[in-house]
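Reading through the structure tokens given below for one structure.
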Amino acid sequence: MAIVLFLALLVCIADGQLSPTFYRKTCPNLQTVVRSAMTQAVNNEPRMGASILRLFFHDCFVNGCDGSILLDDTATITGEKNAGPNANSVRGYDVIDTIKSNVEAACPGIVSCADIVALAARDGVVLLGGPSWTVKLGRRDATTASQSAANTNLPAPSSSLSQLKTAFANKNLNARDLTALSGAHTIGQARCVNFRSHIYNDANIDASFASQTQQNCPSSGGDNTLAPLDLQTPTAFDNAYYQNLVSQKGLLHSDQELFNNGTQDALVRQYSTNAAAFSRDFAAAMVKMGNISPLTGSQGEIRLDCKKVN
């Protein structure tokens with residue numbers, strides 16, 4: 001019996017003491033409130049599902065899933081919003097603020113901004129036709145942020161496969177998780193500045209795709225011009241992203257690195273023909289990502305306004 005209790009304790013510690021039923025008594029309608037607001041946001045702009053998913057990723061990869069990305073700069077905090085990978089790029093802060101406001105009306109002072117982001121990311125995927133997963137809850141909000149960590153920890157669009165593997169391994173995510181999570185690029189848009197080098201300079205790209213993409217992304221200027229990460233179905237969460245990689249039509253250099261005569265080619269081929277396998281692995285990897293270094297217990301705080309510490 002003692003061994004069983006010890007193992008249960010280890011599992012709890014390994015998950016950062018998160019639980020899917022964390023708010024069952026204190027905020028029983030939480031998931032309904034979040035889903036309702038996300039439904040409205042995605043109906044207004046389907047791209048928002050991708051934006052909130054990216055917001056969650058950029059939060060978790062910098063000091064864990066702690067809502068630190070949401071903090072505005074202050075005299076004492078140099079926040080993450082203006083870090084290189086986030087400035088003029090990460091969006092959806094207003095949607096999180098709206099959800100937080102609705103949650104505060106339902107159960108004031110109970111639910112962290114970090115947990116709201118985790119739930120909203122899952123709901124955005126589901127609303128665009130993707131898989132669902134059980135979100136473990138109980139994260140608390142950071143009282144500080146790190147622009148330098150955001151600049152260092154977030155993988156760049158120019159990353160090699162080796163660099164991507166290292167960045168993910170540093171967060172206890174393996175190469176399979178990397179390949180599955182990259183499938184988030186089956187939805188959303190990217191800026192010209194982030195794919196220009198790939199479409200003009202790389203050899204591992206379909207010539208007609210490169211030419212077509214260059215029409216809206218000149219060799220200089222137009223940095224903020226957008227292109228869909230998945231040309232076929234940019235607002236549907238499906239496995240077309242992997243089909244594009246097999247056809248050498250990945251928009252980012254880092255995308256095509258997953259299918260470039262390397263270790264992930266076989267898995268990319270599998271996902272390109274087996275949507276169910278991709279959905280299963282993506283959901284599992286999202287749970288793992290949501291477990292990156294959460295603040296729990298007496299750590300951090302429950303922010304009343306996601307943009308600032310209490």
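Labels used: A, B, ... for chains in the order of the structure tokens, numbers from 1 for residues in each chain, and numbers from 1 for ligands as shown.
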
With DSSP run on the backbone, what are the strand (DSSP E or B) residues within stretch 20-257 of chain A? I'd like them as JSON, numbers by chain.
{"A": [137, 140, 141, 189, 190, 191, 226, 227, 228]}

What's the 10 Å shell around A:Pro28, counting only C-alpha atoms, without same-chain residues fewer than 6 positions away, as a list of chain:residue names?
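Returned residues: A:Thr21, A:Phe22, A:Ala106, A:Cys107.
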
Near A:Val42, within 9 Å and counting only C-alpha atoms, which residues show up once chain neighbours fewer than 4 positions away are dropped, as number ranges by chain?
A: 37-38, 46-49, 124, 127-128

Residue selection dump (all heavy atoms) as an mmCIF file, in the first residue's frame:
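Output file part_15.cif is given in full below:
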```cif
data_model
loop_
_atom_site.group_PDB
_atom_site.id
_atom_site.type_symbol
_atom_site.label_atom_id
_atom_site.label_comp_id
_atom_site.auth_asym_id
_atom_site.auth_seq_id
_atom_site.Cartn_x
_atom_site.Cartn_y
_atom_site.Cartn_z
ATOM 1 N N ALA A 37 -16.383 31.866 -25.188
ATOM 2 C CA ALA A 37 -15.635 33.035 -25.657
ATOM 3 C C ALA A 37 -14.747 32.686 -26.851
ATOM 4 O O ALA A 37 -14.599 33.484 -27.784
ATOM 5 C CB ALA A 37 -14.795 33.603 -24.523
ATOM 6 N N MET A 38 -14.146 31.502 -26.824
ATOM 7 C CA MET A 38 -13.304 31.085 -27.947
ATOM 8 C C MET A 38 -14.136 30.841 -29.201
ATOM 9 O O MET A 38 -13.695 31.130 -30.323
ATOM 10 C CB MET A 38 -12.507 29.831 -27.580
ATOM 11 C CG MET A 38 -11.220 30.112 -26.842
ATOM 12 S SD MET A 38 -10.066 31.205 -27.737
ATOM 13 C CE MET A 38 -9.603 30.164 -29.139
ATOM 14 N N PRO A 46 -11.307 33.155 -37.962
ATOM 15 C CA PRO A 46 -10.824 31.773 -37.825
ATOM 16 C C PRO A 46 -9.338 31.674 -37.496
ATOM 17 O O PRO A 46 -8.908 30.756 -36.801
ATOM 18 C CB PRO A 46 -11.131 31.164 -39.200
ATOM 19 C CG PRO A 46 -12.315 31.942 -39.691
ATOM 20 C CD PRO A 46 -12.101 33.344 -39.194
ATOM 21 N N ARG A 47 -8.529 32.634 -37.963
ATOM 22 C CA ARG A 47 -7.092 32.615 -37.699
ATOM 23 C C ARG A 47 -6.783 32.669 -36.200
ATOM 24 O O ARG A 47 -5.701 32.264 -35.761
ATOM 25 C CB ARG A 47 -6.439 33.813 -38.402
ATOM 26 C CG ARG A 47 -4.925 33.886 -38.250
ATOM 27 C CD ARG A 47 -4.385 35.186 -38.834
ATOM 28 N NE ARG A 47 -2.976 35.370 -38.504
ATOM 29 C CZ ARG A 47 -2.362 36.544 -38.500
ATOM 30 N NH1 ARG A 47 -3.050 37.639 -38.791
ATOM 31 N NH2 ARG A 47 -1.092 36.633 -38.200
ATOM 32 N N MET A 48 -7.742 33.170 -35.405
ATOM 33 C CA MET A 48 -7.486 33.331 -33.978
ATOM 34 C C MET A 48 -7.222 31.994 -33.287
ATOM 35 O O MET A 48 -6.508 31.927 -32.286
ATOM 36 C CB MET A 48 -8.650 34.067 -33.298
ATOM 37 C CG MET A 48 -8.350 34.524 -31.875
ATOM 38 S SD MET A 48 -6.825 35.511 -31.718
ATOM 39 C CE MET A 48 -7.324 37.030 -32.540
ATOM 40 N N GLY A 49 -7.774 30.908 -33.814
ATOM 41 C CA GLY A 49 -7.484 29.592 -33.236
ATOM 42 C C GLY A 49 -5.996 29.290 -33.287
ATOM 43 O O GLY A 49 -5.404 28.808 -32.319
ATOM 44 N N GLY A 124 -9.420 26.309 -29.382
ATOM 45 C CA GLY A 124 -9.190 26.831 -30.724
ATOM 46 C C GLY A 124 -8.922 25.729 -31.724
ATOM 47 O O GLY A 124 -9.426 25.758 -32.851
ATOM 48 N N LEU A 127 -12.249 23.839 -32.357
ATOM 49 C CA LEU A 127 -13.187 24.630 -33.157
ATOM 50 C C LEU A 127 -12.814 24.659 -34.634
ATOM 51 O O LEU A 127 -13.668 24.892 -35.492
ATOM 52 C CB LEU A 127 -13.265 26.052 -32.607
ATOM 53 C CG LEU A 127 -13.990 26.192 -31.258
ATOM 54 C CD1 LEU A 127 -13.659 27.522 -30.594
ATOM 55 C CD2 LEU A 127 -15.494 26.047 -31.458
ATOM 56 N N LEU A 128 -11.536 24.406 -34.933
ATOM 57 C CA LEU A 128 -11.097 24.356 -36.335
ATOM 58 C C LEU A 128 -11.033 22.929 -36.869
ATOM 59 O O LEU A 128 -10.454 22.671 -37.925
ATOM 60 C CB LEU A 128 -9.732 25.048 -36.481
ATOM 61 C CG LEU A 128 -9.738 26.560 -36.207
ATOM 62 C CD1 LEU A 128 -8.342 27.143 -36.320
ATOM 63 C CD2 LEU A 128 -10.697 27.296 -37.144
#
```

Could you please write out, as an MDAnalysis selection string, every residue of stretch 73-273 of chain A that DSSP assigns to helix (DSSP H, G or I)?
chainID A and resid 93:106 113:127 147:153 161:169 175:186 192:201 207:214 240:246 253:256 265:273

Selected residue of minimal separation from A:Gly67 among A:Thr143, A:Thr186, A:Asn291, A:Gln248, counting only C-alpha atoms:
A:Thr143

Applying 9 Å and only C-alpha atoms, which residues near A:Asn204 remain after dropping the ones on its own chain fewer than 6 positions away? List them as a PyMOL selection string.
chain A and resi 198+248-249+256-257+260

Closest of A:Val193, A:Ala276, A:Leu231, A:Ala167 to A:Cys217 - atom-to-atom distances counting only C-alpha atoms
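Of the candidates, the smallest distance to A:Cys217 is held by A:Val193.
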
Just the number, please: distance in Å from atom CA of A:Trp133 to atom CA of A:Ala277, one decimal.
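Spanning atom CA of A:Trp133 to atom CA of A:Ala277 is a straight-line distance of 14.2 Å.
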
Name the closest residue to A:Gly79 among the candidates A:Val309, A:Val135, A:Ser112, A:Leu173; distances are taken between atoms, counting only C-alpha atoms.
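Using only C-alpha atoms, the shortest distance to A:Gly79 belongs to A:Val309.
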
How far is it from atom CA of A:Ser101 to atom CA of A:Lys81, in Å with one decimal?
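The value is 20.5 Å.
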
Just give me the gap between atom CA of A:Asn194 and atom CA of A:Asp206 in Å, one decimal is fine.
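For atom CA of A:Asn194 relative to atom CA of A:Asp206, the distance reads 17.7 Å.
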
Env of A:Val90: 12 Å cut, atoms = only C-alpha atoms, seq-sep filter 4 positions within chain, self excluded. Answer as a PDB file with all heavy atoms, in the first residue's frame.
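Done, and the output landed in part-v3.pdb:
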```pdb
ATOM      1  N   MET A  48      -7.742  33.170 -35.405  1.00  0.00           N
ATOM      2  CA  MET A  48      -7.486  33.331 -33.978  1.00  0.00           C
ATOM      3  C   MET A  48      -7.222  31.994 -33.287  1.00  0.00           C
ATOM      4  O   MET A  48      -6.508  31.927 -32.286  1.00  0.00           O
ATOM      5  CB  MET A  48      -8.650  34.067 -33.298  1.00  0.00           C
ATOM      6  CG  MET A  48      -8.350  34.524 -31.875  1.00  0.00           C
ATOM      7  SD  MET A  48      -6.825  35.511 -31.718  1.00  0.00           S
ATOM      8  CE  MET A  48      -7.324  37.030 -32.540  1.00  0.00           C
ATOM      9  N   ALA A  50      -5.370  29.606 -34.420  1.00  0.00           N
ATOM     10  CA  ALA A  50      -3.928  29.407 -34.568  1.00  0.00           C
ATOM     11  C   ALA A  50      -3.149  30.375 -33.684  1.00  0.00           C
ATOM     12  O   ALA A  50      -2.124  30.012 -33.091  1.00  0.00           O
ATOM     13  CB  ALA A  50      -3.524  29.599 -36.029  1.00  0.00           C
ATOM     14  N   SER A  51      -3.636  31.606 -33.589  1.00  0.00           N
ATOM     15  CA  SER A  51      -2.916  32.622 -32.817  1.00  0.00           C
ATOM     16  C   SER A  51      -2.868  32.274 -31.330  1.00  0.00           C
ATOM     17  O   SER A  51      -1.822  32.443 -30.680  1.00  0.00           O
ATOM     18  CB  SER A  51      -3.579  33.993 -33.016  1.00  0.00           C
ATOM     19  OG  SER A  51      -3.476  34.413 -34.364  1.00  0.00           O
ATOM     20  N   ILE A  52      -3.966  31.785 -30.796  1.00  0.00           N
ATOM     21  CA  ILE A  52      -3.994  31.417 -29.368  1.00  0.00           C
ATOM     22  C   ILE A  52      -3.147  30.174 -29.121  1.00  0.00           C
ATOM     23  O   ILE A  52      -2.461  30.058 -28.096  1.00  0.00           O
ATOM     24  CB  ILE A  52      -5.441  31.203 -28.884  1.00  0.00           C
ATOM     25  CG1 ILE A  52      -6.240  32.508 -29.000  1.00  0.00           C
ATOM     26  CG2 ILE A  52      -5.463  30.689 -27.456  1.00  0.00           C
ATOM     27  CD1 ILE A  52      -5.747  33.644 -28.119  1.00  0.00           C
ATOM     28  N   LEU A  53      -3.146  29.244 -30.059  1.00  0.00           N
ATOM     29  CA  LEU A  53      -2.302  28.055 -29.943  1.00  0.00           C
ATOM     30  C   LEU A  53      -0.827  28.471 -29.898  1.00  0.00           C
ATOM     31  O   LEU A  53      -0.045  27.972 -29.075  1.00  0.00           O
ATOM     32  CB  LEU A  53      -2.559  27.120 -31.129  1.00  0.00           C
ATOM     33  CG  LEU A  53      -1.734  25.841 -31.226  1.00  0.00           C
ATOM     34  CD1 LEU A  53      -1.924  24.974 -29.980  1.00  0.00           C
ATOM     35  CD2 LEU A  53      -2.106  25.057 -32.484  1.00  0.00           C
ATOM     36  N   ARG A  54      -0.445  29.404 -30.744  1.00  0.00           N
ATOM     37  CA  ARG A  54       0.931  29.894 -30.769  1.00  0.00           C
ATOM     38  C   ARG A  54       1.266  30.661 -29.493  1.00  0.00           C
ATOM     39  O   ARG A  54       2.381  30.566 -28.965  1.00  0.00           O
ATOM     40  CB  ARG A  54       1.132  30.776 -32.001  1.00  0.00           C
ATOM     41  CG  ARG A  54       2.566  31.242 -32.191  1.00  0.00           C
ATOM     42  CD  ARG A  54       2.769  31.748 -33.622  1.00  0.00           C
ATOM     43  NE  ARG A  54       4.137  32.205 -33.837  1.00  0.00           N
ATOM     44  CZ  ARG A  54       4.507  33.491 -33.806  1.00  0.00           C
ATOM     45  NH1 ARG A  54       3.605  34.430 -33.557  1.00  0.00           N
ATOM     46  NH2 ARG A  54       5.758  33.832 -34.017  1.00  0.00           N
ATOM     47  N   LEU A  55       0.305  31.414 -28.992  1.00  0.00           N
ATOM     48  CA  LEU A  55       0.494  32.140 -27.737  1.00  0.00           C
ATOM     49  C   LEU A  55       0.837  31.173 -26.602  1.00  0.00           C
ATOM     50  O   LEU A  55       1.745  31.423 -25.798  1.00  0.00           O
ATOM     51  CB  LEU A  55      -0.780  32.927 -27.404  1.00  0.00           C
ATOM     52  CG  LEU A  55      -0.831  33.731 -26.110  1.00  0.00           C
ATOM     53  CD1 LEU A  55       0.148  34.883 -26.137  1.00  0.00           C
ATOM     54  CD2 LEU A  55      -2.236  34.257 -25.865  1.00  0.00           C
ATOM     55  N   PHE A  56       0.144  30.049 -26.557  1.00  0.00           N
ATOM     56  CA  PHE A  56       0.386  29.022 -25.535  1.00  0.00           C
ATOM     57  C   PHE A  56       1.792  28.442 -25.682  1.00  0.00           C
ATOM     58  O   PHE A  56       2.539  28.305 -24.707  1.00  0.00           O
ATOM     59  CB  PHE A  56      -0.678  27.927 -25.654  1.00  0.00           C
ATOM     60  CG  PHE A  56      -0.582  26.829 -24.623  1.00  0.00           C
ATOM     61  CD1 PHE A  56      -0.437  27.114 -23.279  1.00  0.00           C
ATOM     62  CD2 PHE A  56      -0.668  25.497 -25.007  1.00  0.00           C
ATOM     63  CE1 PHE A  56      -0.361  26.097 -22.326  1.00  0.00           C
ATOM     64  CE2 PHE A  56      -0.601  24.480 -24.071  1.00  0.00           C
ATOM     65  CZ  PHE A  56      -0.446  24.781 -22.725  1.00  0.00           C
ATOM     66  N   PHE A  57       2.171  28.118 -26.914  1.00  0.00           N
ATOM     67  CA  PHE A  57       3.506  27.584 -27.195  1.00  0.00           C
ATOM     68  C   PHE A  57       4.589  28.573 -26.763  1.00  0.00           C
ATOM     69  O   PHE A  57       5.571  28.209 -26.108  1.00  0.00           O
ATOM     70  CB  PHE A  57       3.615  27.269 -28.691  1.00  0.00           C
ATOM     71  CG  PHE A  57       5.000  26.964 -29.183  1.00  0.00           C
ATOM     72  CD1 PHE A  57       5.631  25.785 -28.814  1.00  0.00           C
ATOM     73  CD2 PHE A  57       5.674  27.835 -30.023  1.00  0.00           C
ATOM     74  CE1 PHE A  57       6.921  25.486 -29.272  1.00  0.00           C
ATOM     75  CE2 PHE A  57       6.951  27.561 -30.486  1.00  0.00           C
ATOM     76  CZ  PHE A  57       7.575  26.385 -30.104  1.00  0.00           C
ATOM     77  N   HIS A  58       4.408  29.840 -27.110  1.00  0.00           N
ATOM     78  CA  HIS A  58       5.413  30.853 -26.772  1.00  0.00           C
ATOM     79  C   HIS A  58       5.434  31.154 -25.276  1.00  0.00           C
ATOM     80  O   HIS A  58       6.446  31.647 -24.773  1.00  0.00           O
ATOM     81  CB  HIS A  58       5.171  32.118 -27.593  1.00  0.00           C
ATOM     82  CG  HIS A  58       5.694  32.034 -28.992  1.00  0.00           C
ATOM     83  ND1 HIS A  58       6.413  33.034 -29.587  1.00  0.00           N
ATOM     84  CD2 HIS A  58       5.612  31.042 -29.913  1.00  0.00           C
ATOM     85  CE1 HIS A  58       6.754  32.669 -30.826  1.00  0.00           C
ATOM     86  NE2 HIS A  58       6.266  31.463 -31.035  1.00  0.00           N
ATOM     87  N   ASP A  59       4.345  30.883 -24.584  1.00  0.00           N
ATOM     88  CA  ASP A  59       4.353  31.014 -23.123  1.00  0.00           C
ATOM     89  C   ASP A  59       5.123  29.853 -22.498  1.00  0.00           C
ATOM     90  O   ASP A  59       6.041  30.050 -21.693  1.00  0.00           O
ATOM     91  CB  ASP A  59       2.918  31.048 -22.589  1.00  0.00           C
ATOM     92  CG  ASP A  59       2.867  31.256 -21.079  1.00  0.00           C
ATOM     93  OD1 ASP A  59       3.735  31.980 -20.544  1.00  0.00           O
ATOM     94  OD2 ASP A  59       1.956  30.710 -20.428  1.00  0.00           O
ATOM     95  N   ILE A  69       4.053  35.485 -20.682  1.00  0.00           N
ATOM     96  CA  ILE A  69       4.008  36.189 -21.961  1.00  0.00           C
ATOM     97  C   ILE A  69       2.951  37.289 -21.978  1.00  0.00           C
ATOM     98  O   ILE A  69       3.022  38.238 -22.765  1.00  0.00           O
ATOM     99  CB  ILE A  69       3.761  35.200 -23.126  1.00  0.00           C
ATOM    100  CG1 ILE A  69       4.050  35.865 -24.475  1.00  0.00           C
ATOM    101  CG2 ILE A  69       2.335  34.655 -23.079  1.00  0.00           C
ATOM    102  CD1 ILE A  69       3.994  34.925 -25.655  1.00  0.00           C
ATOM    103  N   LEU A  70       1.983  37.202 -21.077  1.00  0.00           N
ATOM    104  CA  LEU A  70       0.866  38.151 -21.061  1.00  0.00           C
ATOM    105  C   LEU A  70       1.204  39.463 -20.372  1.00  0.00           C
ATOM    106  O   LEU A  70       0.469  40.447 -20.500  1.00  0.00           O
ATOM    107  CB  LEU A  70      -0.344  37.520 -20.356  1.00  0.00           C
ATOM    108  CG  LEU A  70      -0.831  36.170 -20.897  1.00  0.00           C
ATOM    109  CD1 LEU A  70      -1.900  35.596 -19.983  1.00  0.00           C
ATOM    110  CD2 LEU A  70      -1.354  36.318 -22.316  1.00  0.00           C
ATOM    111  N   GLU A  80       7.975  39.815 -22.175  1.00  0.00           N
ATOM    112  CA  GLU A  80       8.255  38.964 -23.327  1.00  0.00           C
ATOM    113  C   GLU A  80       7.559  39.419 -24.602  1.00  0.00           C
ATOM    114  O   GLU A  80       7.898  38.977 -25.693  1.00  0.00           O
ATOM    115  CB  GLU A  80       7.866  37.521 -22.985  1.00  0.00           C
ATOM    116  CG  GLU A  80       8.674  36.945 -21.833  1.00  0.00           C
ATOM    117  CD  GLU A  80       8.032  35.725 -21.174  1.00  0.00           C
ATOM    118  OE1 GLU A  80       7.240  35.034 -21.843  1.00  0.00           O
ATOM    119  OE2 GLU A  80       8.324  35.476 -19.986  1.00  0.00           O
ATOM    120  N   LYS A  81       6.587  40.322 -24.467  1.00  0.00           N
ATOM    121  CA  LYS A  81       5.800  40.721 -25.634  1.00  0.00           C
ATOM    122  C   LYS A  81       6.661  41.345 -26.734  1.00  0.00           C
ATOM    123  O   LYS A  81       6.364  41.209 -27.916  1.00  0.00           O
ATOM    124  CB  LYS A  81       4.700  41.698 -25.219  1.00  0.00           C
ATOM    125  CG  LYS A  81       3.564  41.066 -24.442  1.00  0.00           C
ATOM    126  CD  LYS A  81       2.474  42.082 -24.122  1.00  0.00           C
ATOM    127  CE  LYS A  81       1.297  41.416 -23.405  1.00  0.00           C
ATOM    128  NZ  LYS A  81       0.230  42.381 -23.073  1.00  0.00           N
ATOM    129  N   ASN A  82       7.733  42.034 -26.328  1.00  0.00           N
ATOM    130  CA  ASN A  82       8.578  42.723 -27.301  1.00  0.00           C
ATOM    131  C   ASN A  82       9.869  41.980 -27.615  1.00  0.00           C
ATOM    132  O   ASN A  82      10.780  42.533 -28.233  1.00  0.00           O
ATOM    133  CB  ASN A  82       8.882  44.146 -26.807  1.00  0.00           C
ATOM    134  CG  ASN A  82       7.632  45.017 -26.810  1.00  0.00           C
ATOM    135  OD1 ASN A  82       6.906  45.056 -27.795  1.00  0.00           O
ATOM    136  ND2 ASN A  82       7.372  45.688 -25.706  1.00  0.00           N
ATOM    137  N   ALA A  83       9.957  40.720 -27.194  1.00  0.00           N
ATOM    138  CA  ALA A  83      11.092  39.881 -27.596  1.00  0.00           C
ATOM    139  C   ALA A  83      11.023  39.653 -29.107  1.00  0.00           C
ATOM    140  O   ALA A  83       9.946  39.736 -29.715  1.00  0.00           O
ATOM    141  CB  ALA A  83      11.054  38.555 -26.854  1.00  0.00           C
ATOM    142  N   GLY A  84      12.169  39.353 -29.698  1.00  0.00           N
ATOM    143  CA  GLY A  84      12.225  39.172 -31.149  1.00  0.00           C
ATOM    144  C   GLY A  84      11.173  38.240 -31.732  1.00  0.00           C
ATOM    145  O   GLY A  84      10.492  38.591 -32.700  1.00  0.00           O
ATOM    146  N   PRO A  85      10.978  37.037 -31.159  1.00  0.00           N
ATOM    147  CA  PRO A  85      10.006  36.101 -31.727  1.00  0.00           C
ATOM    148  C   PRO A  85       8.536  36.498 -31.493  1.00  0.00           C
ATOM    149  O   PRO A  85       7.649  35.917 -32.099  1.00  0.00           O
ATOM    150  CB  PRO A  85      10.309  34.789 -30.977  1.00  0.00           C
ATOM    151  CG  PRO A  85      11.670  34.974 -30.402  1.00  0.00           C
ATOM    152  CD  PRO A  85      11.786  36.423 -30.088  1.00  0.00           C
ATOM    153  N   ASN A  86       8.312  37.494 -30.604  1.00  0.00           N
ATOM    154  CA  ASN A  86       6.941  37.845 -30.222  1.00  0.00           C
ATOM    155  C   ASN A  86       6.465  39.186 -30.759  1.00  0.00           C
ATOM    156  O   ASN A  86       5.283  39.359 -31.067  1.00  0.00           O
ATOM    157  CB  ASN A  86       6.811  37.858 -28.694  1.00  0.00           C
ATOM    158  CG  ASN A  86       7.046  36.492 -28.072  1.00  0.00           C
ATOM    159  OD1 ASN A  86       6.863  35.463 -28.727  1.00  0.00           O
ATOM    160  ND2 ASN A  86       7.456  36.467 -26.810  1.00  0.00           N
ATOM    161  N   ASP A  94      -5.932  40.234 -26.558  1.00  0.00           N
ATOM    162  CA  ASP A  94      -7.250  40.793 -26.265  1.00  0.00           C
ATOM    163  C   ASP A  94      -8.283  39.689 -26.036  1.00  0.00           C
ATOM    164  O   ASP A  94      -9.198  39.843 -25.210  1.00  0.00           O
ATOM    165  CB  ASP A  94      -7.705  41.718 -27.394  1.00  0.00           C
ATOM    166  CG  ASP A  94      -7.670  41.055 -28.766  1.00  0.00           C
ATOM    167  OD1 ASP A  94      -6.877  40.120 -28.968  1.00  0.00           O
ATOM    168  OD2 ASP A  94      -8.444  41.475 -29.647  1.00  0.00           O
ATOM    169  N   GLY A 188      -3.148  28.886 -39.582  1.00  0.00           N
ATOM    170  CA  GLY A 188      -2.463  30.136 -39.303  1.00  0.00           C
ATOM    171  C   GLY A 188      -1.669  30.709 -40.463  1.00  0.00           C
ATOM    172  O   GLY A 188      -1.641  30.160 -41.565  1.00  0.00           O
ATOM    173  N   GLN A 189      -1.022  31.837 -40.181  1.00  0.00           N
ATOM    174  CA  GLN A 189      -0.298  32.598 -41.185  1.00  0.00           C
ATOM    175  C   GLN A 189       1.112  32.897 -40.681  1.00  0.00           C
ATOM    176  O   GLN A 189       1.368  32.872 -39.482  1.00  0.00           O
ATOM    177  CB  GLN A 189      -1.014  33.942 -41.441  1.00  0.00           C
ATOM    178  CG  GLN A 189      -2.503  33.816 -41.711  1.00  0.00           C
ATOM    179  CD  GLN A 189      -2.833  33.804 -43.180  1.00  0.00           C
ATOM    180  OE1 GLN A 189      -2.082  34.337 -43.998  1.00  0.00           O
ATOM    181  NE2 GLN A 189      -3.954  33.207 -43.538  1.00  0.00           N
ATOM    182  N   ALA A 190       1.996  33.190 -41.610  1.00  0.00           N
ATOM    183  CA  ALA A 190       3.349  33.613 -41.257  1.00  0.00           C
ATOM    184  C   ALA A 190       3.677  34.885 -42.022  1.00  0.00           C
ATOM    185  O   ALA A 190       3.126  35.155 -43.098  1.00  0.00           O
ATOM    186  CB  ALA A 190       4.357  32.516 -41.583  1.00  0.00           C
ATOM    187  N   ARG A 191       4.603  35.670 -41.474  1.00  0.00           N
ATOM    188  CA  ARG A 191       5.013  36.920 -42.105  1.00  0.00           C
ATOM    189  C   ARG A 191       6.145  36.673 -43.105  1.00  0.00           C
ATOM    190  O   ARG A 191       7.015  35.826 -42.888  1.00  0.00           O
ATOM    191  CB  ARG A 191       5.476  37.929 -41.046  1.00  0.00           C
ATOM    192  CG  ARG A 191       4.365  38.386 -40.114  1.00  0.00           C
ATOM    193  CD  ARG A 191       4.878  39.461 -39.154  1.00  0.00           C
ATOM    194  NE  ARG A 191       5.969  38.957 -38.331  1.00  0.00           N
ATOM    195  CZ  ARG A 191       6.940  39.723 -37.835  1.00  0.00           C
ATOM    196  NH1 ARG A 191       6.982  41.016 -38.109  1.00  0.00           N
ATOM    197  NH2 ARG A 191       7.888  39.198 -37.076  1.00  0.00           N
TER     198      ARG A 191
END
```

Can you list, as a ChimeraX atom specification, every protein, DNA or RNA residue that comes within 12 Å of A:Gln212 when you count only C-alpha atoms, leaving out same-chain residues fewer than 3 positions away?
/A:199-200,205-209,215-218,227,231,249,251

Print the selection's residues with C-alpha atoms to a file, as a PDB file, in the first residue's frame.
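For reference, part-v4.pdb as written:
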```pdb
ATOM      1  CA  ILE A 199      11.512  30.796 -50.786  1.00  0.00           C
ATOM      2  CA  TYR A 200      14.441  32.672 -52.379  1.00  0.00           C
ATOM      3  CA  ILE A 205      11.464  23.760 -52.134  1.00  0.00           C
ATOM      4  CA  ASP A 206       9.045  23.118 -54.989  1.00  0.00           C
ATOM      5  CA  ALA A 207       9.906  25.637 -57.722  1.00  0.00           C
ATOM      6  CA  SER A 208       6.322  26.561 -58.594  1.00  0.00           C
ATOM      7  CA  PHE A 209       5.413  26.952 -54.918  1.00  0.00           C
ATOM      8  CA  GLN A 215       4.575  37.143 -55.770  1.00  0.00           C
ATOM      9  CA  ASN A 216       3.376  38.356 -52.365  1.00  0.00           C
ATOM     10  CA  CYS A 217       6.748  38.361 -50.597  1.00  0.00           C
ATOM     11  CA  PRO A 218       9.323  40.475 -52.474  1.00  0.00           C
ATOM     12  CA  ALA A 227       0.946  33.923 -46.281  1.00  0.00           C
ATOM     13  CA  LEU A 231      -1.900  26.818 -48.579  1.00  0.00           C
ATOM     14  CA  LYS A 249       5.887  23.013 -50.034  1.00  0.00           C
ATOM     15  CA  LEU A 251       6.481  27.649 -45.977  1.00  0.00           C
TER      16      LEU A 251
END
```

Pick from A:Asn310, A:Asn170, A:Asn239, A:Gln17, whichever lies nearest to A:Arg269 using only C-alpha atoms
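For A:Arg269, the nearest of the given residues is A:Asn239.
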
Taking only C-alpha atoms into account, name the residue in A:Leu164, A:Cys60, A:Cys192, A:Cys306 that is nearest to A:Ile96.
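Ranked by minimum distance to A:Ile96, first place goes to A:Cys306.
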